[in-house]
Every structure is written in C-alpha cells, then in structure tokens.
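Peer 1: Pasting a structure below so you can have a look.
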Amino acid sequence: MDSLASLTIVLLLVCCACSGYVLDDRSGLGRRFDGIGAISGGGATSRLLVGYNQDYQQEILDYLFLPNFGASLHIFKVEIGGDAQSTDGTESSHMHSPDDENYQRGYEWYLMKEAKKRNPKIKLYGLSWGWPGWIGNGTMNPFINPDITADYTLKWIAGAKKYHNLTIDYIGIWNEKSYSVEYIKTLRAALDSQGFSNVEIVAADGKFAIVGDVLKDPELAAAVSILGFHYPGTVTTEDCMKTNKTLWSSEDYSTFNDDVGAGCWARILNQNYVNGHMTSTIAWNLIASYYEKLPYFRDGLMTAIEPWSNHYVVDSPIWITAHTTQFTQPGWNYLQHGDGTGHLVKGGTYVSLTNGRDLTIVIETMSHDQSICIRPPLAPYNISDQTASFNLQGSFATINKLQVWYSKLGGESPTLFLQKDPIPVVNGSFNITLGTDEVYTLTTLTTGKKGSYPPPPSSAVFPVPHVDNFESYPLYSEAFGFADQAGVFEIRDSGNSSHGKVMQQVAMEPPVRWCMEADLPITYIGNQTWSASSFSVDALIGSPTGGALIAARVKRGGCGTYNTGGIFFFVYANGTFLLTSNILHHDILASGQAAVTAGQWFIMQLTVKDKTVSSIVGRIDGKEVFHVSKVPEHLPTHGFVAVGAADFAGNSPMMFDNFNLTSASVLSTTEQSPELPYASLVH
C-alpha cells in the first residue's frame with residue numbers, strides 16, 4: 001500500500017471521531033469582505049506617536065500598515081478634528097471659524113499619508129466626534145444648518161485631496177450621537193455635485209436606530225452605502241438584513257491590549273461575520289499613544305507612550321489582526337454560512353474567504369474568560385478541545401496543501417503568529433486538532449510574514465528638567481509632550497521678535513461637544529503621578545476680559561477634565577489672581593492683585609513643595625504673590641502639570657512661551673484612582 005493510500009485511511013479513521021465542515025463555492029459566495037481597520041482619534045489617541053524619533057516612528061507605522069509585516073490594516077479611520085474633547089484629548093479642526101481654513105493642522109494628515117505610502121490600497125474613512133462651536137451657531141446641534149455642516153465636511157474631503165493627495169473613501173455622520181436624515185441627504189447631494197460621488201456614506205456610527213429610517217425612506221437608503229454599528233456584540237438584527245445594505249462594525253474592540261484583549265479581538269473578528277453578517281470590523285484604537293491615566297489606557301492594537309525614550313510595545317492584538325489581514329484583501333468574498341462559515345460544534349468559529357483563486361480559512365476557539373471585551377457583556381458559554389474535519393469542494397477541491405499560521409493565547413508563554421508546517425489536503429480533506437484559545441489561519445497564500453525590528457530603547461520616565469521655547473516646530477503643529485484636553489494649542493508666530501514662535505490657544509469658542517467639556521482651554525504634560533513640581537511659563541493674555549492658567553496635580557483628563565481637581569493658578573488681565581483646588585473655581589485657596597494687563601508678556605511660576613503638599617507658592621515676574629502652607633487634605637496628591645486659558649476669548653490670542661519645568665517628583669506609592677464616571681462612555 002502506498003503512502004498516500006495509507007494517509008487517506010488514517011484521515012478517514014480519525015474523522016470518525018471528529019466534526020465535519022464543508023467548504024464549497026458551487027452554490028455561490030457570501031458577502032463581499034471589506035477589510036479590517038483601526039481608528040486614530042476619538043480622540044487624540046495618536047498624540048504622543050508624532051513626537052517619536054523618525055526611525056522608531058517609521059518602525060511603529062510599519063507594524064501597523066505595511067502589508068505582510070504586522071497588522072497590515074486594510075482600512076484607516078481618522079477623526080475629523082473638531083476642537084472638542086473626544087475621549088483622550090482634542091484634535092484641531094481645519095476650520096476654527098467660518099472664514100478660517102488650514103489643512104496643515106494636526107497629525108491625522110501625516111498618518112494617512114504614511115499609511116498610503118506603505119499600502120496604496122488602504123481605504124480612508126473620516127468621522128467627526130465634535131465640531132467647532134460656529135457649526136452649531138450657539139447650540140449643541142451641528143445639524144442646525146445642514147448646508148453649512150455639509151460644506152464643512154466637504155471641505156475636509158477636498159482639502160485631503162488638494163493638499164495631501166489623499167482620496168477619502170468613506171465618510172461618517174457624528175460619532176455615537178444623534179444623526180440628521182436631512183443632513184445625510186444634503187451631504188450626499190453635496191458630494192455628488194462636487195465630484196466626490198466615489199465617497200461612500202457610513203451611517204450612523206452608533207446603534208441600530210438608523211436601520212428603521214433607511215427601511216422607510218428610499219431617498220435616505222439611496223444616500224447611505226454602509227450601515228455602521230458600534231460594539232454590536234457580534235450580532236445585528238433582522239431589519240438590518242432587510243435593508244440589503246453592507247453592514248459593518250465600524251467601531252469595536254476598545255479593550256486593554258493584553259492577551260485577553262487579543263482574545264476579544266480574535267473572537268469578534270470572526271464572529272462579527274458569523275453571527276452578524278458584518279463585513280468589516282474597525283478597532284478603537286489604532287495605537288495607544290496617549291498618557292497613562294487618561295481614559296481607556298492601552299486600548300490600542302499596540303502601545304507607544306514614551307516619545308522621550310522611543311520605547312514602544314508590539315502588543316498581541318497586532319498579531320491577531322495579521323491572522324486575517326495578511327491573507328485577505330477587501331473585495332474578496334466570504335463563503336456562505338454552512339459552506340465555509342459557521343460555528344464549530346464544541347465552540348469557536350471559522351470563516352473562509354476567497355478571491356476566486358486563493359482560499360483563506362481563519363479559525364478561533366476563544367474561551368469566555370480569555371476573550372472578554374470591554375463591551376457589551378459576554379454571556380457565559382463553554383468550549384472544549386476538538387478535532388475538526390474539513391472537506392474542500394467546488395473550485396477548492398484540487399488544493400493539496402495549506403500554509404498554517406498559529407497563535408495560542410493565555411498562559412505564561414503565549415504563542416503569537418507562528419508559521420507551522422503546511423497541512424496536507426488529501427482528496428479534498430484534512431483534519432485539524434483544535435485546543436482552546438487558539439487562532440489558526442490556513443491559506444493557499446505563501447506571502448505571510450511576522451515582521452520584526454531590533455528591540456526599541458528601554459522604557460524611561462518623562463525627563464526633568466524639560467524646557468521648550470517652541471521655536472523648532474512647524475507652524476500649526478503641536479508642541480512636544482503637550483496633550484490638549486480642552487481647546488486647541490498650536491504653534492503660531494507671535495509677531496514679536498523677542499518671542500518668535502509660541503504655543504497659542506486657537507479655538508475661538510466652546511465646541512459642539514461630544515462629551516462633557518471643560519469651560520476653559522487646558523493642555524497637560526508629563527506624568528499623572530507627579531506630586532511635587534516647579535515650573536514657569538511666559539504668558540500673554542490677548543483679551544482685557546481674559547486670563548491665563550497654570551496648574552499642577554491635575555487629577556483627571558479626557559471627558560473628566562470638566563470638573564477635575566488639582567492646583568490651579570489663574571491670572572487675569574484685570575490685575576487679579578486666584579488659586580483654586582478645582583478647575584471650576586471651587587474652593588478658593590488664595591486670591592489677590594497681580595501687576596498684569598492684556599497684551600503684555602509676563603512670567604507665571606507655580607511651585608508645589610513636598611509630597612504631602614506642605615506649601616504652594618505662586619510668582620508673577622519673579623515676585624511671590626501667594627504662599628499657602630496650610631492646605632486642605634482633600635487636594636489631589638498627584639497629577640499632571642498643565643497650562644491653559646481662563647476662558648475661550650474669541651479672536652484674542654492666549655499665548656505661551658519659554659515653558660520651563662525645573663523639577664518634578666512622584667509619590668513613592670500612589671493611590672489607585674477610583675472608577676471614573678466617564679468609564680462607561682463609548683467612543
């Protein structure tokens with residue numbers, strides 16, 4: 001008996017104890033696969049990345065976007081900056097006011113270009129979280145004038161093409177907020193009339209409410225190309241299917257990027273199609289590149305939070321992504337449910353995809369506890385080891401071997417994206433033994449690769465002292481290390497030869513907000529565990545009714561900035577100052593006169609001594625204006641250093657120069673932060 005006949009008998013004998021699954025395209029294919037993606041923004045989630053040394057920054061971007069290297073993403077979704085807090089910070093709008101347009105602000109343009117440079121086929125998707133205040137015309141409704149809002153969005157799309165040669169493929173409405181049917185129709189008409197009929201509208205980046213409107217309104221149905229849902233728990237509804245629309249999980253994951261987070265990602269990447277017929281899954285967020293202690297820390301595919309050291313971590317979700325992205329492309333098709341897509345008998349799922357020539361099968365066997373996502377709750381279920389028998393029929397019947405890529409999550413030494421020996425396919429059949437918490441990719445493609453670079457530099461704390469005169473940056477960019485939490489701080493020309501370039505607060509009015517928003521502009525820097533610190537900054541108040549702010553021990557950021565505690569030193573153009581323990585001016589610790597007027601530069605200095613807050617000292621132009629030695633016990637024991645403005649001062653600038661952090665130290669043991677009220681927000 002020859003070896004092939006022997007192997008066939010062995011396979012048949014083993015198959016008596018295994019579950020069988022057929023892969024067959026003869027009855028047709030399933031839905032078109034639209035790709036796997038990730039989000040930069042919602043908000044400011046890539047903020048620290050742009051401060052990295054170019055060499056290390058390029059390595060990070062390769063892990064995210066380079067085909068057949070790392071995550072190899074198919075879709076890149078970005079926030080359309082709206083001068084508003086949108087989870088971990090604010091991002092600058094291309095139009096701070098109706099007569100203002102600038103397409104050099106922020107870092108999303110740069111990241112999109114870098115993604116396109118690595119993968120010219122990557123799809124680009126823009127979505128607003130917040131909007132500059134003028135869009136709402138004094139209200140919190142961005143759709144009060146649909147024509148104005150559509151023009152604002154259209155200008156962003158046109159600016160992407162004109163100034164950066166970027167073609168936007170998809171555009172959203174308003175992240176997780178109320179949508180306007182009138183606006184969607186207006187936007188569609190504007191896109192078509194201005195030569196952007198290629199741009200597909202995704203609606204409504206939230207829950208399922210849009211589905212009913214699409215079913216009853218043919219004009220709306222014609223305007224919307226894709227129904228995009230957030231955190232659907234891998235399921236959609238019968239009405240979703242009735243629309244005959246493309247269905248996406250247009251934001252998902254948002255889970256701490258350890259091995260449990262990777263298990264969450266592995267499970268939903270398969271099950272969003274198996275259970276919900278969703279043909280794209282997009283992760284929030286692309287890269288956790290925002291300060292520790294800001295909301296949803298490390299909820300990215302990888303982590304890069306130290307531009308001062310250039311340390312970064314390629315976390316396990318990168319390699320879970322690769323199991324699908326490196327062996328498929330948008331435009332492939334899933335095989336139909338029951339003919340290549342479905343549930344495994346003892347738990348887990350499998351999906352099969354083809355381009356009409358090649359075949360890729362992705363199998364996941366995630367256990368409940370190894371795959372819990374941040375939302376929604378995951379009902380209990382059981383899974384056990386199993387042997388599966390696959391039978392390839394139709395155009396796949398002649399395949400004689402499949403390449404194998406394997407991951408095993410959990411335990412002390414997880415295995416990530418390991419290439420194993422090819423599996424033989426005999427007479428169209430093969431068996432595979434599946435343990436729990438495993439991911440297999442079986443494919444005819446031979447192009448997969450686990451890319452790597454030498455280890456990055458070691459982790460290090462934020463360096464002190466830190467001095468910045470803001471002269472080295474391009475105009476309209478952001479200063480190193482500063483993370484805007486309300487308002488927008490850009491590098492601008494001061495018009496003063498003694499100061500040159502400065503960091504200027506440029507948001508003219510409070511935005512149409514996405515979440516609770518601080519009533520005053522503020523930007524953080526450093527380390528949330530700093531207890532003692534001393535720093536100074538030159539300030540110029542542009543408005544006679546305005547004021548400048550510096551702060552220490554600022555406790556909370558993100559959507560919790562609006563009422564955070566800390567030590568806040570306000571100086572006003574009317575010649576007064578306040579020291580408070582809350583950003584809302586609650587609990588005044590000191591007040592008095594200050595020799596300050598609008599339009600004149602002065603130096604503010606704040607020193608917080610001793611880890612137990614033995615004293616707080618404030619100076620203006622070197623002169624001590626307060627010394628508080630008896631400090632209430634309720635003050636935060638640690639937090640960020642910050643600068644800001646006392647309010648949004650219209651067209652009057654608030655400028656800062658010569659930031660000088662001379663000392664900062666952390667508590668030896670910091671208290672655990674309590675659960676924050678914004679922890680239940682989605683993005």
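Letters A, B, ... mark the chains of the structure tokens in the order given; residue numbers begin at 1 per chain; ligand numbers begin at 1, in order shown.
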Taking 3 positions as the minimum chain separation for residues in the same chain, which residues sit within 6 Å of A:Phe535 when counting only C-alpha atoms? Answer as a list of chain:residue names.
Peer 2: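 Using only C-alpha atoms, the neighbours found are A:Gln605, A:Leu606, A:Asn660, A:Leu661, A:Thr662.
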Peer 1: Find the residues around stretch 40-55 of chain A up to 8 Å (only C-alpha atoms counted), leave out those fewer than 5 positions away in its own chain, and share them as a PyMOL selection string.
Peer 2: chain A and resi 76-79+85-91+107-108+129+284-291+304-308+310+480-481+483+683
Peer 1: Which parts of stretch 328-517 of chain A does DSSP call strand (DSSP E) when run on the backbone here, written out as a PyMOL selection string?
Peer 2: chain A and resi 333-335+342-343+349-354+359-364+386-392+401-408+415-424+429-434+438-443+466-468+483-486+489-493+501-505
Peer 1: So, with only C-alpha atoms as the atoms that count, which of A:Tyr406, A:Leu154, A:Val345, A:Met366 lies closest to A:Ser389?
Peer 2: A:Val345
Peer 1: Using Å and a single decimal, report how far atom CA of A:Ile282 sits from atom CA of A:Asp192.
Peer 2: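 Calculated distance between atom CA of A:Asp192 and atom CA of A:Ile282 is 26.2 Å.
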Peer 1: Closest to A:Phe570 among A:Gln386, A:Ala645, A:Val617, A:Tyr296, using only C-alpha atoms?
Peer 2: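 Closest candidate: A:Ala645.
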Peer 1: May I ask which of the residues A:Leu220, A:Val666, A:Ala322, A:Val351 is the closest one to A:Val461, counting only C-alpha atoms?
Peer 2: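 Residue with the minimum atom-to-atom distance to A:Val461: A:Val666.
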Peer 1: Please list as number ranges by chain every residue within 10 Å of A:Cys18, counting only C-alpha atoms and excluding residues in the same chain fewer than 5 positions away.
Peer 2: A: 12-13, 345, 386-390, 431-433
Peer 1: Quick one: of A:Lys401, A:Lys630, A:His343, A:Lys117, who's nearest to A:Gln58, counting only C-alpha atoms?
Peer 2: A:Lys117
Peer 1: When distances are computed from only C-alpha atoms, which of A:Asn119, A:Thr243, A:Ser352, A:Thr237 shows the smallest separation from A:Asp217?
Peer 2: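 Closest residue, counting only C-alpha atoms: A:Thr243.
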Peer 1: Taking only C-alpha atoms into account, produce a table as a Markdown table in which each residue of stretch 283-321 of chain A with an atom at most 10 Å from an atom of stretch 267-271 of chain A appears once, together with its shortest atom pair and the distance in Å to one decimal, ordered by chain and rising number.
Peer 2:
```
| residue | atom | partner | partner_atom | distance |
| --- | --- | --- | --- | --- |
| A:Ala283 | CA | A:Leu269 | CA | 9.8 |
| A:Ile320 | CA | A:Leu269 | CA | 9.1 |
| A:Thr321 | CA | A:Leu269 | CA | 8.2 |
```
